[in-house]
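Asker: Structure in structure tokens, see below.
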Amino acid sequence: MRLSRFVLALSTLMLMPAAAAADVKFAYVGEISGSIAVSGGNFRDGVILAVEELNAKGGILKQKIELTLYDTQTNPGVARAQMQKAIDGDPYVILGPIFSGNVKVTMQMLQQAEIPHIIGGEAAELTSLGDAYLFRTSFGQQIGMPKIANFIRDELKAKTVALIWVNNDFGKGGRDKLIKELTARNIKLAADVSSESGQVDFAADVVKLKAANADVVFVYSNEEECARIMREARKQGLKGPFVGDTTLLSQKTIELGGDAANGVMGHVGLTADAPLKEVEEFKARFQKRFNYVPDHNGLKGYSGVYAVRYVTEKLGKLDRKGLAKMMHGLTITPKDEPGILIETSWDNTGEIDRISFLAEVVGGKQKITKILPKVGK
Amino acid sequence: MLADILQLFVAGLATGGIYALAAIGFTLLWQTSQTINFAQGEFVMLPAFFVLIGMGFFGLPFWAAVLVGVAVSILTLGLMFKKLMVDPMLHHGVLPLVIATIGLAILMKETVREFYGADAWPFPPLAAATNVTVFGAAFAVQSLVVLGISIAAVAALQLFLNKTRTGRCMQATAQNPTVARLLGVPVERMILYTFLINAALVALASLLITPIYLAKFTNGELLGLYAFIAAIIGGFNQVRGAIVGGLLLGVLDNFTAVYISTQYRLVVPLLFLIVIILFRPQGLLGRVEERTV
């Protein structure tokens with residue numbers, strides 16, 4: 001009897017440390033394969049780096065973060081299935097998706113489950129659908145497009161624009177916003193060329209752009225397609241200037257496009273080449289960990305995790321509803337939380353606000369030419 | 001307008017030349033060994049990754065990586081494919097082999113995704129990204145180089161098949177292996193040569209198309225489909241048919257994308273395929289095959 005009591009007591013003592021160090025569950029549901037694996041992979045790696053750093057320092061509220069990855073394959077049907085799997089795992093937060101189409105088909109599930117979701121999608125309408133648990137990690141198109149339209153009017157003095165865009169939620173949303181902003185500035189659309197997500201042959205599309213003979217060519221597609229468009233454009237001698245918003249100037253586009261990407265210009269909401277100390281240090285750590293230079297999606301994933309960490313530590317408990325409530329109207333500075341990288345604010349719809357940049361690709365690198373202030377300042 | 005049409009035509013021919021190389025492989029394998037290889041698209045996708053591995057992991061210069069990549073392709077996609085998959089499966093009939101090649105396509109695609117990555121990768125072009133202007137139309141030098149190399153490869157193949165003893169033996173094997181065997185043609189060796197030639201053709205197609213498409217594990221899906229359509233349209237039992245089918249498909253695809261819609265660019269070629277199957281099932285240049293009962 002004494003022996004059995006002793007064994008019972010010993011077992012209980014052995015189990016106690018395991019019970020105390022319960023994990024905080026994070027889930028990443030994103031595009032690890034498919035047509036925007038480039039973006040989803042970057043975002044994922046940003047999340048992984050942040051989680052590893054936080055776990056090395058003890059985690060969140062002294063609990064390690066347990067991260068589970070789910071691949072949407074850039075397919076809305078698969079995204080829903082993977083999101084349901086993620087929800088069944090009872091995570092504290094969900095990071096992703098990045099593909100706006102996948103965000104749209106899964107956001108209602110997360111809203112119903114009351115799980116905060118920190119997304120990478122940039123389609124304008126995502127923050128207008130009344131989801132109290134959705135938070136962006138980069139500008140919606142309704143923020144970026146006015147800035148780039150001003151650049152086209154004021155710096156490039158263009159009167160006509162030939163537009164090529166990708167036919168998905170991201171591309172359609174951007175196209176609609178851009179046309180609205182260009183029209184408001186009396187800039188005519190000389191060509192409106194839609195292309196398909198995952199398209200590989202752009203010979204025909206570039207012929208259409210050439211025929212438009214516009215002052216500026218605006219390229220709005222995913223990173224791989226942007227690279228292919230630029231390669232085809234240079235092959236066929238299409239004259240620029242070539243302008244875009246974020247994806248055209250992204251690190252992955254530059255890597256895939258090679259020399260064809262040199263000279264492109266545009267607006268970037270977030271960039272690993274920002275002349276800011278926290279961003280430069282993050283870039284170095286990311287490169288050391290993953291052996292490649294991150295694009296803006298890497299920063300998005302990384303800062304998203306740290307935003308959750310900052311708010312949760314402030315709350316003092318794992319409270320999903322409390323997290324969502326606190327993030328509305330919140331501003332986090334790098335002084336408060338270095339992992340946020342750049343001062344970031346969220347409004348009551350989950351829309352993000354921070355400084356942004358005008359940039360040009362020179363010699364295979366993104367060169368920042370101007371820093372634009374926050375919209376809210 | 002005329003300049004645009006000329007540009008589209010040449011760009012279409014360039015892409016079509018690549019489809020033709022893959023389609024020729026389809027027809028050669030079918031003629032000599034009754035093999036329909038539904039992994040043909042992935043066969044075009046893979047050699048580019050052999051080259052990238054040669055450059056990235058072994059530090060070879062591009063030209064050396066290409067030579068090694070082509071050699072490895074001929075070994076794996078030619079010799080090993082024949083010995084390890086086709087030979088054991090063929091005596092079970094055509095359908096089990098077809099299903100096996102579908103499985104092989106999935107295996108190849110997922111292996112590249114798993115061990116190399118799901119991202120796209122840049123691939124060095126064979127020519128500079130400049131253009132030449134002729135009759136007011138700007139033709140991309142890369143397109144002209146691709147078209148030139150495709151034509152040269154097809155011409156060399158035709159010369160080999162028609163003007164050399166080995167080539168004529170391969171034709172005899174394709175027409176009637178039993179009679180060829182009786183005439184002393186080493187039929188098994190001729191079939192092996194066909195597989196090796198197919199592997200070389202897909203490796204060449206890979207080197208030509210990957211600088212445009214970028215190296216990605218999903219490249220084979222569309223390429224395989226286009227190659228199959230081209231082979232059917234041209235004539236599955238004629239190499240000439242595969243050439244015509246490939247070139248026609250490339251041009252049709254381009255003009256559809258510009259003058260109808262990019263979204264529906266595959267619709268016109270597929271409609272054309274249906275019309276061919278309904279009204280000329282042997283293909284544009286194929287010959288009607290009859291069986292004695």
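Following the order of the structure tokens, first chain is A, next is B, and so on, with residues numbered from 1 inside each chain and ligands from 1 in the order they appear.
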For stretch 105-222 of chain A against stretch 262-283 of chain A, with a cut-off of 9 Å and counting only C-alpha atoms, what is the closest atom pair and its distance in Å to one decimal for every residue that makes the cut, ordered by chain and number, as JSON lines?
Answerer:
{"residue": "A:Ser138", "atom": "CA", "partner": "A:Gly269", "partner_atom": "CA", "distance": 6.6}
{"residue": "A:Phe139", "atom": "CA", "partner": "A:Gly269", "partner_atom": "CA", "distance": 6.4}
{"residue": "A:Gly144", "atom": "CA", "partner": "A:His267", "partner_atom": "CA", "distance": 7.2}
{"residue": "A:Met145", "atom": "CA", "partner": "A:His267", "partner_atom": "CA", "distance": 8.5}
{"residue": "A:Lys147", "atom": "CA", "partner": "A:His267", "partner_atom": "CA", "distance": 7.3}
{"residue": "A:Ile148", "atom": "CA", "partner": "A:His267", "partner_atom": "CA", "distance": 5.8}
{"residue": "A:Phe151", "atom": "CA", "partner": "A:Gly266", "partner_atom": "CA", "distance": 8.1}
{"residue": "A:Ile152", "atom": "CA", "partner": "A:Gly266", "partner_atom": "CA", "distance": 9.0}
Asker: Kindly provide, as a PyMOL selection string, the residues of chain A having any atom no farther than 6 Å from an atom of chain B, counting only C-alpha atoms.
Answerer: chain A and resi 33+37-38+200+204+235-236+256
Asker: Run DSSP on the backbone and give me the residues of stretch 261-360 of chain A it puts in strand (DSSP E or B), as a list in words.
Answerer: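 Residues of stretch 261-360 of chain A classed as strand (DSSP E or B): Met265, Gly266, His267, Val268, Thr331, Ile332, Thr344, Ser345, Trp346, Ile352, Asp353, Ser356, Phe357, Leu358, Ala359 and Glu360 of chain A.
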Asker: Go ahead and save the residues from that selection, with N, CA and C atoms, as a PDB file, in the first residue's frame.
Answerer:
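Writing done, so here's part-v2.pdb:
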ATOM      1  N   MET A 265       9.212  50.552 -61.217  1.00  0.00           N
ATOM      2  CA  MET A 265       9.003  51.509 -60.122  1.00  0.00           C
ATOM      3  C   MET A 265       7.651  51.242 -59.479  1.00  0.00           C
ATOM      4  N   GLY A 266       7.474  51.770 -58.276  1.00  0.00           N
ATOM      5  CA  GLY A 266       6.135  51.648 -57.709  1.00  0.00           C
ATOM      6  C   GLY A 266       6.080  51.905 -56.229  1.00  0.00           C
ATOM      7  N   HIS A 267       4.935  51.560 -55.691  1.00  0.00           N
ATOM      8  CA  HIS A 267       4.659  51.742 -54.274  1.00  0.00           C
ATOM      9  C   HIS A 267       4.793  50.401 -53.573  1.00  0.00           C
ATOM     10  N   VAL A 268       5.463  50.419 -52.431  1.00  0.00           N
ATOM     11  CA  VAL A 268       5.543  49.197 -51.626  1.00  0.00           C
ATOM     12  C   VAL A 268       5.087  49.528 -50.214  1.00  0.00           C
ATOM     13  N   THR A 331      -2.219  51.012 -31.705  1.00  0.00           N
ATOM     14  CA  THR A 331      -0.969  51.339 -32.395  1.00  0.00           C
ATOM     15  C   THR A 331       0.170  50.693 -31.629  1.00  0.00           C
ATOM     16  N   ILE A 332       1.034  49.985 -32.330  1.00  0.00           N
ATOM     17  CA  ILE A 332       2.216  49.374 -31.704  1.00  0.00           C
ATOM     18  C   ILE A 332       3.441  50.002 -32.355  1.00  0.00           C
ATOM     19  N   THR A 344       2.749  50.464 -36.408  1.00  0.00           N
ATOM     20  CA  THR A 344       1.580  49.912 -37.094  1.00  0.00           C
ATOM     21  C   THR A 344       0.328  50.203 -36.296  1.00  0.00           C
ATOM     22  N   SER A 345      -0.712  50.608 -37.014  1.00  0.00           N
ATOM     23  CA  SER A 345      -2.009  50.851 -36.364  1.00  0.00           C
ATOM     24  C   SER A 345      -3.076  50.037 -37.066  1.00  0.00           C
ATOM     25  N   TRP A 346      -4.100  49.639 -36.288  1.00  0.00           N
ATOM     26  CA  TRP A 346      -5.279  48.992 -36.876  1.00  0.00           C
ATOM     27  C   TRP A 346      -6.506  49.794 -36.523  1.00  0.00           C
ATOM     28  N   ILE A 352      -5.084  48.183 -41.762  1.00  0.00           N
ATOM     29  CA  ILE A 352      -3.777  48.539 -41.187  1.00  0.00           C
ATOM     30  C   ILE A 352      -3.355  49.917 -41.697  1.00  0.00           C
ATOM     31  N   ASP A 353      -2.524  50.600 -40.935  1.00  0.00           N
ATOM     32  CA  ASP A 353      -1.962  51.872 -41.362  1.00  0.00           C
ATOM     33  C   ASP A 353      -0.519  51.928 -40.890  1.00  0.00           C
ATOM     34  N   SER A 356       4.721  54.021 -45.780  1.00  0.00           N
ATOM     35  CA  SER A 356       4.993  53.158 -46.927  1.00  0.00           C
ATOM     36  C   SER A 356       6.076  53.820 -47.780  1.00  0.00           C
ATOM     37  N   PHE A 357       6.374  53.228 -48.932  1.00  0.00           N
ATOM     38  CA  PHE A 357       7.575  53.646 -49.662  1.00  0.00           C
ATOM     39  C   PHE A 357       7.332  53.679 -51.159  1.00  0.00           C
ATOM     40  N   LEU A 358       7.964  54.652 -51.803  1.00  0.00           N
ATOM     41  CA  LEU A 358       8.107  54.586 -53.258  1.00  0.00           C
ATOM     42  C   LEU A 358       9.481  54.011 -53.524  1.00  0.00           C
ATOM     43  N   ALA A 359       9.562  53.146 -54.534  1.00  0.00           N
ATOM     44  CA  ALA A 359      10.832  52.452 -54.765  1.00  0.00           C
ATOM     45  C   ALA A 359      11.054  52.221 -56.244  1.00  0.00           C
ATOM     46  N   GLU A 360      12.306  51.900 -56.565  1.00  0.00           N
ATOM     47  CA  GLU A 360      12.688  51.533 -57.926  1.00  0.00           C
ATOM     48  C   GLU A 360      13.666  50.373 -57.825  1.00  0.00           C
TER      49      GLU A 360
END
Asker: Write out as a PyMOL selection string each polymer residue whose atoms come within 9 Å of B:Ala231, counting only C-alpha atoms; drop sequence neighbours fewer than 2 positions from it.
Answerer: chain B and resi 20+22-24+26-27+226-229+233-239+241-246+283
Asker: Write out as a PyMOL selection string the set of residues from stretch 136-224 of chain B that DSSP, computed on the backbone, places in alpha helix (DSSP H).
Answerer: chain B and resi 141-163+165-175+177-182+187-213+219-224
Asker: Show me, as a list in words, the residues that have an atom within 8 Å of stretch 169-177 of chain A when counting only C-alpha atoms, minus same-chain residues fewer than 3 positions from it.
Answerer: Phe99, Ser100, Gly101, Gly121, Glu122, Ala123, Ala124, Glu125, Gln141, Gln142, Met145, Trp165, Val166, Lys180, Glu181, Tyr220 and Ser221 of chain A
Asker: What's around B:Ala203 at 7 Å? Count only C-alpha atoms, leave out sequence neighbours fewer than 3 positions away in its own chain, and write the answer as a PyMOL selection string.
Answerer: chain B and resi 44+47+70+73+199-200+206-207
Asker: Generate a file of the selected residues that holds C-alpha atoms, formatted as a JSON list (two decimals), in the first residue's frame.
Answerer:
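This went into selection16.json:
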[["chain", "number", "residue", "atom", "x", "y", "z"],
["B", 44, "VAL", "CA", 9.69, 18.11, -70.05],
["B", 47, "PRO", "CA", 15.45, 18.09, -67.03],
["B", 70, "VAL", "CA", 20.72, 16.00, -70.75],
["B", 73, "SER", "CA", 17.59, 12.81, -68.57],
["B", 199, "ALA", "CA", 14.31, 11.59, -73.55],
["B", 200, "ALA", "CA", 16.67, 13.77, -75.58],
["B", 206, "SER", "CA", 12.86, 21.71, -71.30],
["B", 207, "LEU", "CA", 15.90, 23.87, -72.02]]
Asker: Skip B:Leu273 itself and residues of its chain fewer than 3 positions away, then list as a PDB file with N, CA and C atoms, in the first residue's frame all residues within 8 Å of it, counting only C-alpha atoms.
Answerer:
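What follows is the written file out.pdb:
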ATOM      1  N   ILE B 229      -2.561  17.099 -77.176  1.00  0.00           N
ATOM      2  CA  ILE B 229      -3.488  17.674 -78.166  1.00  0.00           C
ATOM      3  C   ILE B 229      -2.796  17.804 -79.516  1.00  0.00           C
ATOM      4  N   ILE B 232      -2.519  14.452 -81.254  1.00  0.00           N
ATOM      5  CA  ILE B 232      -3.802  13.970 -81.777  1.00  0.00           C
ATOM      6  C   ILE B 232      -4.196  14.767 -83.013  1.00  0.00           C
ATOM      7  N   ILE B 233      -4.068  16.089 -82.934  1.00  0.00           N
ATOM      8  CA  ILE B 233      -4.465  16.947 -84.068  1.00  0.00           C
ATOM      9  C   ILE B 233      -3.626  16.605 -85.291  1.00  0.00           C
ATOM     10  N   PRO B 269      -8.307  25.673 -79.193  1.00  0.00           N
ATOM     11  CA  PRO B 269      -7.582  24.429 -79.505  1.00  0.00           C
ATOM     12  C   PRO B 269      -8.350  23.168 -79.112  1.00  0.00           C
ATOM     13  N   LEU B 270      -9.051  23.198 -77.977  1.00  0.00           N
ATOM     14  CA  LEU B 270      -9.793  22.009 -77.560  1.00  0.00           C
ATOM     15  C   LEU B 270     -10.983  21.761 -78.493  1.00  0.00           C
ATOM     16  N   ILE B 276     -11.497  17.542 -84.999  1.00  0.00           N
ATOM     17  CA  ILE B 276     -10.573  16.586 -85.642  1.00  0.00           C
ATOM     18  C   ILE B 276     -10.967  15.154 -85.277  1.00  0.00           C
ATOM     19  N   ILE B 277     -11.245  14.935 -83.994  1.00  0.00           N
ATOM     20  CA  ILE B 277     -11.587  13.570 -83.561  1.00  0.00           C
ATOM     21  C   ILE B 277     -12.879  13.118 -84.240  1.00  0.00           C
TER      22      ILE B 277
END
Asker: For B:Gln158, which residue among B:Leu79, B:Val51, B:Met170, B:Leu196 is the nearest when counting only C-alpha atoms?
Answerer: B:Met170
Asker: Figure out the distance between atom CA of B:Leu284 and atom CA of B:Gln34, please, to one decimal in Å.
Answerer: 20.3 Å
Asker: Set the distance at 7 Å and use only C-alpha atoms: which residues neighbour A:Glu66 once local chain neighbours fewer than 4 positions away are removed? I'd like the list as a list in words.
Answerer: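 Once the adjacent positions are removed, what remains is Asp23, Val24, Lys25 and Phe26 of chain A.
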Asker: Between atom CA of B:Pro125 and atom CA of B:Ala205, measure the distance and give it in Å to one decimal.
Answerer: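 So the two atoms, atom CA of B:Pro125 and atom CA of B:Ala205, lie 12.8 Å apart.
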Asker: Mind pulling up the distance from atom CA of A:Lys288 to atom CA of B:Ala65?
Answerer: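 That distance, rounded to one decimal, is 27.4 Å.
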Asker: Have a look at A:Val93, A:Leu156, A:Ala50, A:Ile164 and name the one nearest to A:Val217; count only C-alpha atoms.
Answerer: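 Result for the nearest residue to A:Val217: A:Ile164.
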